[in-house]
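Asker: What follows is a single structure, and I will ask about it in a moment.
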2 protein chains.
Amino acid sequence: MKRKVTLKQIARELDVSISTVSKALRNSIEISEDTRQKVQAFAKLYNYRPNNIALSLKNRKTQTIGIIIPEIVHHFFSKVISGIEAVANKRGYNVIVGLSNESFSKEVINMEMLANGSIDGFILSIAKETQQQQDYHHFIETINQGMPIVMFDRVVNEIKCDKVIVDDADGAKLAVNKLIQCGCKNIAIVTTKDYVSVGKLRTQGYLEALEDHKISPKSSLILKVHDQLLSEDHLDSLELEIENLFKNNKNMDGVFAVNELYAITAMKVARKLGLKIPEDIQVIGFTDGVLSKHAVPALTTVSQHGKKIGEKAAELLINNLEREDEEDVYETVVIETELIERESTK
Amino acid sequence: MKRKVTLKQIARELDVSISTVSKALRNSIEISEDTRQKVQAFAKLYNYRPNNIALSLKNRKTQTIGIIIPEIVHHFFSKVISGIEAVANKRGYNVIVGLSNESFSKEVINMEMLANGSIDGFILSIAKETQQQQDYHHFIETINQGMPIVMFDRVVNEIKCDKVIVDDADGAKLAVNKLIQCGCKNIAIVTTKDYVSVGKLRTQGYLEALEDHKISPKSSLILKVHDQLLSEDHLDSLELEIENLFKNNKNMDGVFAVNELYAITAMKVARKLGLKIPEDIQVIGFTDGVLSKHAVPALTTVSQHGKKIGEKAAELLINNLEREDEEDVYETVVIETELIERESTK
DNA sequence: AACATTTACGCAAACGTTTTCGTGTTGAAA
DNA sequence: TTTCAACACGAAAACGTTTGCGTAAATGTT
């Protein structure tokens with residue numbers, strides 16, 4: 001087992017100083033052709049590679065991006081990561097991942113762990129619990145310490161930083177308009193509690209779309225799902241809530257769900273109740289994941305372009321990191337959504 | 001914008017030496033009660049946190065684990081990551097992720113990038129291209145440099161390192177036995193080309209199960225899918241191949257697919273051909289992801305317990321890293337698979 | 001009073017780099 | 001022969017820590 005070779009070892013072996021080796025390897029003109037060749041040959045032979053940690057310490061930058069997301073077993077978030085990774089890698093950065101599991105304290109701890117020198121900046125999406133508690137001190141402190149943050153998807157407006165979002169309200173309108181246009185008269189929405197920012201915005205879009213078409217919203221058609229985070233029987237209770245929605249609204253002919261799971265579950269319930277999709281009831285979801293694509297019938301959905309979100313977030317962060325002038329002008333980039341029509345609508 | 005405070009700054013401010021500050025913060029008995037209090041109060045006030053990079057350099061360990069996987073937008077791999085992350089975090093490690101995208105060169109580059117001091121050890125699953133080329137020099141070199149590796153799922157036996165796998169052959173037998181027991185007489189397998197280790201093993205299990213029941217395998221029932229990696233029309237051609245399988249074997253009454261996608265697609269094709277599941281044909285998949293759970297009918301599948309795999313891999317790696325004695329005894333841990341029965345079998 | 005022992009702190013090295021500056025050795029110009 | 005620039009290299013500082021060791025002052029022991 002041969003340890004990684006260092007400048008010092010090369011220097012000793014070749015009987016020159018460390019500085020000479022370093023300069024030789026970086027092709028400094030200070031070093032004679034002779035020594036340069038000798039050093040480079042030796043370095044190549046022993047497969048010398050500069051130690052990243054030492055460089056990080058010296059340069060006070062790590063070339064590493066920290067990602068904090070609520071969950072990784074999730075099509076949207078993993079898409080975003082893949083986008084971040086692609087851009088980061090191309091620009092010479094690594095990616096280090098922290099999971100909050102939707103918990104405020106894990107989010108804080110993870111950020112503190114990474115903020116102490118391990119990374120140059122954050123890309124993150126906020127935990128539900130944080131959104132609920134509205135405690136954002138850890139973001140503010142991080143930014144105050146000169147570490148830039150880019151938020152995506154679940155963002156908080158009060159924080160001054162770059163953001164990458166989709167126009168949630170607009171995407172929702174897209175979906176609801178489509179349903180209306182397809183002849184739906186009684187459209188339900190299956191959404192989250194209001195503290196989840198994206199849920200709230202999508203609900204808003206739903207309401208606006210109805211209003212645009214002079215349809216007055218009915219509260220019985222609006223289901224804000226109780227989400228006991230990650231609980232085992234979450235799925236069952238979700239199904240139950242949706243089933244009640246169906247039973248209380250016999251004339252319902254369209255469902256807009258703010259995520260894939262809700263949409264899939266709605267379809268399942270509809271089928272159980274003997275309703276045909278899209279003949280009796282049409283369904284549109286949000287987020288274009290595997291479930292939508294492979295569901296039966298395939299789900300019409302609003303695509304968020306997760307990968308593009310990740311790419312843009314990475315670009316914003318790296319641009320910020322590599323910007324010379326230190327003026328903080330923060331951008332909010334909106335990635336356009338797209339309605340992908342499949343079989344769950346007419 | 002206040003930069004992070006360092007020992008040096010505290011020392012200057014309090015007019016003591018850096019060593020005194022360091023010792024005071026670590027509660028050394030060398031330092032008087034007075035100074036200790038003073039220093040600690042000051043440090044708390046300014047929210048001092050030791051710089052991770054400096055510590056890494058000094059201690060020659062980073063408390064960071066490198067993960068290299070072929071793909072992140074994939075239920076199994078993200079499950080594994082979540083398992084790794086959970087254990088790593090609990091034991092004070094961070095997790096840094098590299099994606100190979102199934103490409104040999106990206107795998108090599110990513111590993112080199114991380115091996116230069118950024119991490120203490122690897123957890124990885126091999127890219128298809130690497131399996132195909134059978135070029136493993138980068139693993140060997142990494143290990144020779146004293147950096148431990150844990151391989152999971154797609155492993156290579158020749159490399160001396162810890163491994164976490166499922167008993168693929170056994171899992172496949174489990175599935176095929178179930179099909180036989182449910183009355184299937186003509187069971188097809190939809191699998192990968194042989195160079196994908198897990199595909200090969202699962203095919204093997206399929207054959208063994210047949211043999212155990214004195215059923216002679218028919219080559220027309222064995223479909224080794226052409227996988228043009230990540231190509232756009234991959235899905236279409238997959239569907240086509242499976243459709244041909246069905247058409248060439250009219251008496252087929254069971255399908256074992258070595259992954260979720262193949263299984264789902266098989267069901268889709270079956271439905272298209274007017275076959276009822278599970279009445280006319282029964283289907284079992286491998287890997288228990290969202291697709292299986294939410295498919296219609298819900299898919300009976302062999303669960304791999306991805307999270308458990310990740311947890312175990314992290315444990316092995318960290319144990320190795322923190323082991324005092326340097327003897328290399330390598331373990332291969334087998335995580336038991338489990339047949340999850342749902343609606344696609346009788 | 002003389003010596004021994006604590007006590008409380010600072011110095012310096014080490015981790016592996018890069019880079020500024022200084023310096024001894026050339027060869028050439030004066 | 002003297003002077004000076006060019007050349008080729010080394011010393012040292014810096015990034016932020018931890019820690020073994022040295023030591024001055026304070027205290028304790030005869």
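Ordering of the structure tokens sets the chain letters (A, B, ...), residue numbers begin anew at 1 in every chain, and ligands are numbered from 1 in the order given.
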Running DSSP on the backbone, which parts of region 66-204 of chain B land in helix (DSSP H, G or I), as a PyMOL selection string?
Answerer: chain B and resi 75-90+104-115+128-133+137-144+168-181+197-204
Asker: Output C-alpha atoms of each residue in that selection to a file, as a compact mmCIF listing (two decimals), in the first residue's frame.
Answerer:
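Result went into again_11.txt, see below:
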# COMPACT_ATOMS: atom_id res chain seq x y z
CA HIS B 75 -35.68 4.55 -6.95
CA PHE B 76 -33.25 1.87 -5.91
CA PHE B 77 -30.17 4.06 -5.93
CA SER B 78 -31.80 6.91 -4.15
CA LYS B 79 -33.01 4.48 -1.51
CA VAL B 80 -29.47 3.27 -1.07
CA ILE B 81 -28.22 6.83 -0.72
CA SER B 82 -30.80 7.58 1.91
CA GLY B 83 -29.57 4.56 3.85
CA ILE B 84 -25.96 5.59 3.54
CA GLU B 85 -26.75 9.13 4.51
CA ALA B 86 -28.64 8.10 7.61
CA VAL B 87 -25.82 5.98 9.00
CA ALA B 88 -23.09 8.35 7.86
CA ASN B 89 -24.74 11.31 9.49
CA LYS B 90 -25.30 9.50 12.72
CA PHE B 104 -16.65 4.24 -17.66
CA SER B 105 -14.74 7.46 -18.15
CA LYS B 106 -17.07 9.49 -15.97
CA GLU B 107 -16.67 6.88 -13.29
CA VAL B 108 -12.89 7.12 -13.48
CA ILE B 109 -12.81 10.91 -13.56
CA ASN B 110 -15.23 11.20 -10.69
CA MET B 111 -13.24 8.82 -8.58
CA GLU B 112 -9.98 10.58 -9.27
CA MET B 113 -11.57 13.89 -8.45
CA LEU B 114 -12.65 12.62 -5.05
CA ALA B 115 -9.70 10.41 -4.26
CA LYS B 128 -22.62 -0.74 -17.04
CA GLU B 129 -19.88 0.34 -19.36
CA THR B 130 -17.27 -0.59 -16.80
CA GLN B 131 -18.83 -3.99 -16.40
CA GLN B 132 -18.76 -4.38 -20.13
CA GLN B 133 -15.13 -3.32 -20.54
CA HIS B 137 -7.73 -0.54 -12.67
CA HIS B 138 -9.21 2.53 -11.02
CA PHE B 139 -10.64 0.45 -8.23
CA ILE B 140 -7.39 -1.36 -7.69
CA GLU B 141 -5.35 1.82 -7.64
CA THR B 142 -7.72 3.47 -5.21
CA ILE B 143 -7.50 0.53 -2.85
CA ASN B 144 -3.73 0.41 -3.20
CA ASP B 168 -29.89 -12.11 -6.88
CA ALA B 169 -30.12 -15.70 -7.97
CA ASP B 170 -32.02 -16.58 -4.86
CA GLY B 171 -34.40 -13.67 -5.24
CA ALA B 172 -35.08 -14.73 -8.79
CA LYS B 173 -35.78 -18.27 -7.64
CA LEU B 174 -38.17 -16.91 -5.09
CA ALA B 175 -40.08 -15.18 -7.83
CA VAL B 176 -40.06 -18.01 -10.32
CA ASN B 177 -41.02 -20.53 -7.67
CA LYS B 178 -43.94 -18.37 -6.79
CA LEU B 179 -45.04 -18.29 -10.42
CA ILE B 180 -44.75 -22.03 -10.71
CA GLN B 181 -46.62 -22.52 -7.51
CA SER B 197 -23.85 -8.86 -13.32
CA VAL B 198 -27.15 -8.68 -11.54
CA GLY B 199 -29.06 -9.50 -14.71
CA LYS B 200 -26.93 -12.53 -15.26
CA LEU B 201 -27.40 -13.76 -11.72
CA ARG B 202 -31.13 -13.30 -11.85
CA THR B 203 -31.28 -15.21 -15.10
CA GLN B 204 -29.32 -17.93 -13.41
Asker: Check which residues of chain D sit at most 10 Å from chain B using only C-alpha atoms (C1' of nucleotides), and return one row each with the closest pair of atoms and their distance in Å to one decimal, ordered by chain and rising number, as a tab-separated table.
Answerer:
residue	atom	partner	partner_atom	distance
D:DC15	C1'	B:Ala54	CA	8.0
D:DG16	C1'	B:Ala54	CA	5.0
D:DT17	C1'	B:Ala54	CA	5.4
D:DT18	C1'	B:Ser22	CA	7.7
D:DT19	C1'	B:Ser19	CA	8.7
Asker: Ranking C:DC9, C:DA4, C:DC15, C:DA30 by minimum distance to chain A and counting only C-alpha atoms (C1' of nucleotides), which one comes first?
Answerer: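 Closest to chain A, using only C-alpha atoms (C1' of nucleotides): C:DC15.
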Asker: Please report, as a VMD selection string, each residue of region 154-217 of chain B to which DSSP assigns strand (DSSP E) when run on this structure's backbone.
Answerer: chain B and resid 162 to 166 187 to 192
Asker: Can you list, as number ranges by chain, every protein, DNA or RNA residue that comes within 12 Å of DA11 (chain D) when you count only C-alpha atoms (C1' of nucleotides), leaving out same-chain residues fewer than 5 positions away?
Answerer: A: 17-20; C: 19-23
Asker: For a quick test of understanding: name the residues of chain C lying within 8 Å of chain A when counting only C-alpha atoms (C1' of nucleotides), and present them as an mmCIF file with N, CA and C atoms (P, O5', C5', C4', C3', O3' and C1' of nucleotides), in the first residue's frame.
Answerer:
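And here is the file that came out, result.cif:
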data_model
loop_
_atom_site.group_PDB
_atom_site.id
_atom_site.type_symbol
_atom_site.label_atom_id
_atom_site.label_comp_id
_atom_site.auth_asym_id
_atom_site.auth_seq_id
_atom_site.Cartn_x
_atom_site.Cartn_y
_atom_site.Cartn_z
ATOM 1 P P DG C 16 0.807 15.449 4.208
ATOM 2 O "O5'" DG C 16 0.516 16.571 3.120
ATOM 3 C "C5'" DG C 16 -0.753 16.601 2.508
ATOM 4 C "C4'" DG C 16 -0.826 17.789 1.582
ATOM 5 C "C3'" DG C 16 0.294 17.851 0.544
ATOM 6 O "O3'" DG C 16 -0.300 18.067 -0.715
ATOM 7 C "C1'" DG C 16 0.131 19.904 1.707
ATOM 8 P P DT C 17 0.536 18.001 -2.065
ATOM 9 O "O5'" DT C 17 0.051 19.347 -2.751
ATOM 10 C "C5'" DT C 17 0.720 20.532 -2.471
ATOM 11 C "C4'" DT C 17 -0.235 21.665 -2.474
ATOM 12 C "C3'" DT C 17 0.261 22.809 -3.323
ATOM 13 O "O3'" DT C 17 -0.548 22.901 -4.495
ATOM 14 C "C1'" DT C 17 -0.151 23.527 -1.047
ATOM 15 P P DT C 18 0.098 23.639 -5.752
ATOM 16 O "O5'" DT C 18 0.147 25.166 -5.278
ATOM 17 C "C5'" DT C 18 -1.081 25.863 -5.089
ATOM 18 C "C4'" DT C 18 -0.785 27.282 -4.702
ATOM 19 C "C3'" DT C 18 0.016 28.067 -5.743
ATOM 20 O "O3'" DT C 18 -0.618 29.329 -5.855
ATOM 21 C "C1'" DT C 18 1.119 28.163 -3.662
#
Asker: Determine, counting only C-alpha atoms (C1' of nucleotides), which protein, DNA and RNA residues have an atom within 12 Å of an atom of DT29 (chain D); residues of the same chain fewer than 3 positions away are not included. Present the result as a PyMOL selection string.
Answerer: chain C and resi 2-5
Asker: Write a file of the selected residues as a PDB file, in the first residue's frame, keeping all heavy atoms.
Answerer:
ATOM      1  P    DA C   2      20.072  31.316  49.821  1.00  0.00           P
ATOM      2  OP1  DA C   2      21.549  31.404  49.944  1.00  0.00           O
ATOM      3  OP2  DA C   2      19.322  32.265  48.973  1.00  0.00           O
ATOM      4  O5'  DA C   2      19.701  29.843  49.352  1.00  0.00           O
ATOM      5  C5'  DA C   2      20.074  28.730  50.176  1.00  0.00           C
ATOM      6  C4'  DA C   2      19.327  27.512  49.681  1.00  0.00           C
ATOM      7  O4'  DA C   2      17.928  27.616  50.069  1.00  0.00           O
ATOM      8  C3'  DA C   2      19.352  27.328  48.159  1.00  0.00           C
ATOM      9  O3'  DA C   2      19.862  26.049  47.849  1.00  0.00           O
ATOM     10  C2'  DA C   2      17.913  27.510  47.730  1.00  0.00           C
ATOM     11  C1'  DA C   2      17.132  27.157  48.989  1.00  0.00           C
ATOM     12  N9   DA C   2      15.833  27.832  49.115  1.00  0.00           N
ATOM     13  C8   DA C   2      15.550  29.155  48.896  1.00  0.00           C
ATOM     14  N7   DA C   2      14.297  29.474  49.085  1.00  0.00           N
ATOM     15  C5   DA C   2      13.711  28.269  49.459  1.00  0.00           C
ATOM     16  C6   DA C   2      12.384  27.941  49.791  1.00  0.00           C
ATOM     17  N6   DA C   2      11.385  28.821  49.816  1.00  0.00           N
ATOM     18  N1   DA C   2      12.129  26.658  50.100  1.00  0.00           N
ATOM     19  C2   DA C   2      13.133  25.768  50.076  1.00  0.00           C
ATOM     20  N3   DA C   2      14.417  25.961  49.776  1.00  0.00           N
ATOM     21  C4   DA C   2      14.636  27.248  49.470  1.00  0.00           C
ATOM     22  P    DC C   3      20.139  25.634  46.323  1.00  0.00           P
ATOM     23  OP1  DC C   3      21.355  24.805  46.304  1.00  0.00           O
ATOM     24  OP2  DC C   3      20.022  26.846  45.492  1.00  0.00           O
ATOM     25  O5'  DC C   3      18.890  24.696  46.023  1.00  0.00           O
ATOM     26  C5'  DC C   3      18.600  23.594  46.892  1.00  0.00           C
ATOM     27  C4'  DC C   3      17.172  23.140  46.705  1.00  0.00           C
ATOM     28  O4'  DC C   3      16.256  24.205  47.027  1.00  0.00           O
ATOM     29  C3'  DC C   3      16.802  22.716  45.264  1.00  0.00           C
ATOM     30  O3'  DC C   3      16.478  21.338  45.277  1.00  0.00           O
ATOM     31  C2'  DC C   3      15.596  23.599  44.896  1.00  0.00           C
ATOM     32  C1'  DC C   3      15.073  23.996  46.276  1.00  0.00           C
ATOM     33  N1   DC C   3      14.268  25.242  46.294  1.00  0.00           N
ATOM     34  C2   DC C   3      12.943  25.172  46.713  1.00  0.00           C
ATOM     35  O2   DC C   3      12.464  24.089  47.072  1.00  0.00           O
ATOM     36  N3   DC C   3      12.185  26.313  46.725  1.00  0.00           N
ATOM     37  C4   DC C   3      12.736  27.469  46.330  1.00  0.00           C
ATOM     38  N4   DC C   3      11.961  28.568  46.366  1.00  0.00           N
ATOM     39  C5   DC C   3      14.091  27.574  45.903  1.00  0.00           C
ATOM     40  C6   DC C   3      14.813  26.446  45.896  1.00  0.00           C
ATOM     41  P    DA C   4      16.138  20.620  43.905  1.00  0.00           P
ATOM     42  OP1  DA C   4      16.755  19.282  43.936  1.00  0.00           O
ATOM     43  OP2  DA C   4      16.361  21.544  42.772  1.00  0.00           O
ATOM     44  O5'  DA C   4      14.565  20.437  44.091  1.00  0.00           O
ATOM     45  C5'  DA C   4      14.058  19.786  45.265  1.00  0.00           C
ATOM     46  C4'  DA C   4      12.545  19.673  45.171  1.00  0.00           C
ATOM     47  O4'  DA C   4      11.950  20.994  45.322  1.00  0.00           O
ATOM     48  C3'  DA C   4      12.030  19.115  43.835  1.00  0.00           C
ATOM     49  O3'  DA C   4      10.956  18.215  44.097  1.00  0.00           O
ATOM     50  C2'  DA C   4      11.577  20.359  43.080  1.00  0.00           C
ATOM     51  C1'  DA C   4      11.140  21.299  44.204  1.00  0.00           C
ATOM     52  N9   DA C   4      11.360  22.714  43.911  1.00  0.00           N
ATOM     53  C8   DA C   4      12.518  23.291  43.463  1.00  0.00           C
ATOM     54  N7   DA C   4      12.437  24.588  43.303  1.00  0.00           N
ATOM     55  C5   DA C   4      11.124  24.875  43.672  1.00  0.00           C
ATOM     56  C6   DA C   4      10.406  26.074  43.724  1.00  0.00           C
ATOM     57  N6   DA C   4      10.924  27.273  43.394  1.00  0.00           N
ATOM     58  N1   DA C   4       9.116  26.023  44.127  1.00  0.00           N
ATOM     59  C2   DA C   4       8.596  24.842  44.462  1.00  0.00           C
ATOM     60  N3   DA C   4       9.183  23.639  44.458  1.00  0.00           N
ATOM     61  C4   DA C   4      10.459  23.734  44.049  1.00  0.00           C
ATOM     62  P    DT C   5      10.363  17.374  42.908  1.00  0.00           P
ATOM     63  OP1  DT C   5      10.107  16.023  43.433  1.00  0.00           O
ATOM     64  OP2  DT C   5      11.181  17.589  41.695  1.00  0.00           O
ATOM     65  O5'  DT C   5       8.974  18.111  42.702  1.00  0.00           O
ATOM     66  C5'  DT C   5       8.128  18.346  43.833  1.00  0.00           C
ATOM     67  C4'  DT C   5       7.033  19.324  43.477  1.00  0.00           C
ATOM     68  O4'  DT C   5       7.590  20.646  43.245  1.00  0.00           O
ATOM     69  C3'  DT C   5       6.248  18.971  42.206  1.00  0.00           C
ATOM     70  O3'  DT C   5       4.867  18.985  42.523  1.00  0.00           O
ATOM     71  C2'  DT C   5       6.589  20.109  41.233  1.00  0.00           C
ATOM     72  C1'  DT C   5       6.864  21.255  42.205  1.00  0.00           C
ATOM     73  N1   DT C   5       7.705  22.367  41.667  1.00  0.00           N
ATOM     74  C2   DT C   5       7.180  23.639  41.715  1.00  0.00           C
ATOM     75  O2   DT C   5       6.097  23.918  42.161  1.00  0.00           O
ATOM     76  N3   DT C   5       8.024  24.614  41.216  1.00  0.00           N
ATOM     77  C4   DT C   5       9.285  24.423  40.686  1.00  0.00           C
ATOM     78  O4   DT C   5       9.945  25.367  40.271  1.00  0.00           O
ATOM     79  C5   DT C   5       9.754  23.062  40.665  1.00  0.00           C
ATOM     80  C7   DT C   5      11.114  22.760  40.112  1.00  0.00           C
ATOM     81  C6   DT C   5       8.946  22.093  41.147  1.00  0.00           C
TER      82       DT C   5
END
Asker: Find the distance between CA of Phe246 (chain B) and CA of Ser344 (chain B) and write it in Å to one decimal.
Answerer: 16.8 Å
Asker: Just give me the gap between CA of Tyr48 (chain A) and CA of Val16 (chain A) in Å, one decimal is fine.
Answerer: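 We find that CA of Tyr48 (chain A) and CA of Val16 (chain A) lie 16.4 Å from each other.
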Asker: Check the smallest atom-to-atom distance from each of A:Glu158, A:Glu260, A:Glu211, A:Glu279 to chain B using only C-alpha atoms, then report the winner.
Answerer: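 Residue with the minimum atom-to-atom distance to chain B: A:Glu260.
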